[in-house]
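See below for the structure under consideration.
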Amino acid sequence: MASIAGPLAYFHLFPEEIRSLPVLPRAAAENEESAATIRLGVNVPLSSYALLLLCGILWIWLSHASFAAASFRNKGWASGALIGAYFGLSWAGIWLWLWLVLSNPHRLRREVPGYGASFAKQVMVCIAGAFSEELWRVLCITVLLASGYSPEFSVIAAALAFAVAFLRQGPERAVLAILEGTIFGMLFIWQRSFFAPFAAHLAVQAVNLWGVGQFSPEGQPTSWIRGIHCPACKAQLSRLQIKIRDPFDCPSCHEQISVSDGYRTAMKWAGLSAYLVLYAATLLLLDRQISETMAILVLWPVAFGVGTSGLLLYQRVFPPRLQYGSPTFITLNLEQRRPQTSDSEHKAE
């Protein structure tokens, strides 16, 4: 109800702002339309988060729910936040792999609050969204547990209710919301701390906002990060338009280009060393947390997801450098384009 009432209230106050929220992958837009969309991507989610947070606070106040001791315990909050952030990065990487490999990126779309806004506004939207939604989730699960329901039923019921807010974005996005709600709820049941799902939610939002944004056609404007430019025509490309392994044609000038050999080598060694370190870190993190059999089963997916998110953020901070020709045979742009001449001029020459 908050996800519906928040935008309705905002658009009732500002009817001239009615337009679509930014989604990934994002389509190219004019400067004026892009600025309005970015502003909308900050104001509308904040209105929903504020209403959701108000509802949670009113419920706690009016029902006298006693869940603070179990949900906001100070002891062990750092370890809970660390585990939550680690599993959040893992889920974000697995979702990214599913998004790019097993589905059509232009079909499985998700709204990204704060996309394209200033860094301060992005941080504000991420923290407000994670805090309000996870406070609601922890409140729901705690009340269901106190009512005598099993942890499995409580987590699934909260995840299904959480997915209702995303039905307007399509069934695929609703299924994704169910998976995310289940993961965040299981983290809370496991760690018995609000900070575990809160940190996981922040990690997922960070990867979506600062990592996946590079797959939009015009990229995400950032002054301190260089873009991906064609070496021939200097046109800016998005991550979705380039291929890391194979040569490809520039969409603007149609010259054959590829990712530089040095960047590909750096990516290979960075990925290899990162995955080896992540496997050891995952074993250390799960030590004495779960059974040995469960640790063996989740070791590879968790480490793979964190590594995928890490490589995505690495490509965001250090975008690929392009070169002429194929990765194994570099060509020089020595061709001097001559103006078209007629047959009579050729004969005269």
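We label chains A, B, ... in the order they appear in the structure tokens, count residues from 1 in each chain, and number ligands from 1 in the order shown.
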Original post:
Which neighbours of Trp300 in chain A fall inside 8 Å, counting only C-alpha atoms, when residues of the same chain fewer than 4 positions from it are skipped, and could you give them as number ranges by chain?
Top reply: A: 279, 296, 304
**OP:** Using DSSP on the backbone coordinates, identify all residues within range 48-266 of chain A classified as helix (DSSP H, G or I); present the result as a VMD selection string.
**Re:** chain A and resid 48 to 63 68 to 71 77 to 102 119 to 146 151 to 164 167 to 169 171 to 191 195 to 210 212 to 215 239 to 241 261 to 266
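Considering only C-alpha atoms, the residue among A:Ala9, A:Val138, A:Leu313, A:Leu322 positioned nearest to Arg264 in chain A is A:Leu322.
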Determine, for each residue of range 138-232 of chain A having at least one atom at most 10 Å from an atom of range 122-126 of chain A, the closest pair of atoms and their separation in Å to one decimal, counting only C-alpha atoms; order by chain and ascending number, as JSON lines.
{"residue": "A:His201", "atom": "CA", "partner": "A:Cys126", "partner_atom": "CA", "distance": 8.6}
{"residue": "A:Leu202", "atom": "CA", "partner": "A:Cys126", "partner_atom": "CA", "distance": 6.5}
{"residue": "A:Ala203", "atom": "CA", "partner": "A:Cys126", "partner_atom": "CA", "distance": 9.4}
{"residue": "A:Val204", "atom": "CA", "partner": "A:Cys126", "partner_atom": "CA", "distance": 9.7}
{"residue": "A:Gln205", "atom": "CA", "partner": "A:Cys126", "partner_atom": "CA", "distance": 6.4}
{"residue": "A:Ala206", "atom": "CA", "partner": "A:Cys126", "partner_atom": "CA", "distance": 7.7}
{"residue": "A:Leu209", "atom": "CA", "partner": "A:Gln122", "partner_atom": "CA", "distance": 8.2}
{"residue": "A:Trp210", "atom": "CA", "partner": "A:Gln122", "partner_atom": "CA", "distance": 9.5}
Subject >> Nearby residues (only C-alpha atoms) at most 12 Å from range 86-91 of chain A, same-chain spacing under 5 positions excluded, as a ChimeraX atom specification >> reply: /A:79-81,96-99,130,176,179-184,186-188,195-208,211,278,281-282,285-286,298-313
**OP:** Find the residue from A:Asn43, A:Ser260, A:Ser132, A:Ser193 that sits nearest to Cys55 in chain A; use only C-alpha atoms when measuring.
**Re:** A:Ser132
Test item: residues at most 7 Å from range 159-167 of chain A, only C-alpha atoms, excluding those fewer than 4 positions along its chain, as a short mmCIF file (atom, residue, chain, number, x, y, z; two decimals) with C-alpha atoms, in the first residue's frame:
data_model
loop_
_atom_site.label_atom_id
_atom_site.label_comp_id
_atom_site.auth_asym_id
_atom_site.auth_seq_id
_atom_site.Cartn_x
_atom_site.Cartn_y
_atom_site.Cartn_z
CA SER A 3 4.48 1.68 -2.62
CA VAL A 155 10.17 -15.45 5.68
CA PRO A 171 5.98 -11.00 -13.29
CA ARG A 173 10.49 -8.46 -11.51
CA ALA A 174 8.02 -9.77 -8.93
CA ALA A 177 11.58 -9.47 -5.50
CA ILE A 178 10.45 -12.76 -3.94
CA GLY A 181 12.95 -10.91 0.07
CA THR A 182 13.64 -14.56 0.89
#
For the contact check between range 146-243 of chain A and range 248-253 of chain A, emit one row per residue of range 146-243 of chain A within 12 Å, containing the shortest atom pair and the distance in Å rounded to one decimal, counting only C-alpha atoms, chain then rising number order, as a Markdown table.
| residue | atom | partner | partner_atom | distance |
| --- | --- | --- | --- | --- |
| A:Pro217 | CA | A:Pro251 | CA | 11.1 |
| A:Ile228 | CA | A:Cys250 | CA | 11.5 |
| A:His229 | CA | A:Cys250 | CA | 9.7 |
| A:Cys230 | CA | A:Cys250 | CA | 6.9 |
| A:Pro231 | CA | A:Cys250 | CA | 9.4 |
| A:Ala232 | CA | A:Cys253 | CA | 7.5 |
| A:Cys233 | CA | A:Cys253 | CA | 6.3 |
| A:Lys234 | CA | A:Ser252 | CA | 9.3 |
| A:Ala235 | CA | A:Ser252 | CA | 6.8 |
| A:Gln236 | CA | A:Ser252 | CA | 9.1 |
| A:Leu237 | CA | A:Pro251 | CA | 8.3 |
| A:Ser238 | CA | A:Pro251 | CA | 10.6 |
| A:Leu240 | CA | A:Pro251 | CA | 11.5 |
| A:Gln241 | CA | A:Pro251 | CA | 7.9 |
| A:Ile242 | CA | A:Phe248 | CA | 7.0 |
| A:Lys243 | CA | A:Phe248 | CA | 6.7 |
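One distance worth recording is that between CA of Ser47 in chain A and CA of Lys121 in chain A, which is 13.8 Å.
With only C-alpha atoms as the atoms that count, the minimum distance from Tyr115 in chain A to the choices A:Ser63, A:Thr265, A:Thr37, A:Ser147 is reached by A:Thr37.
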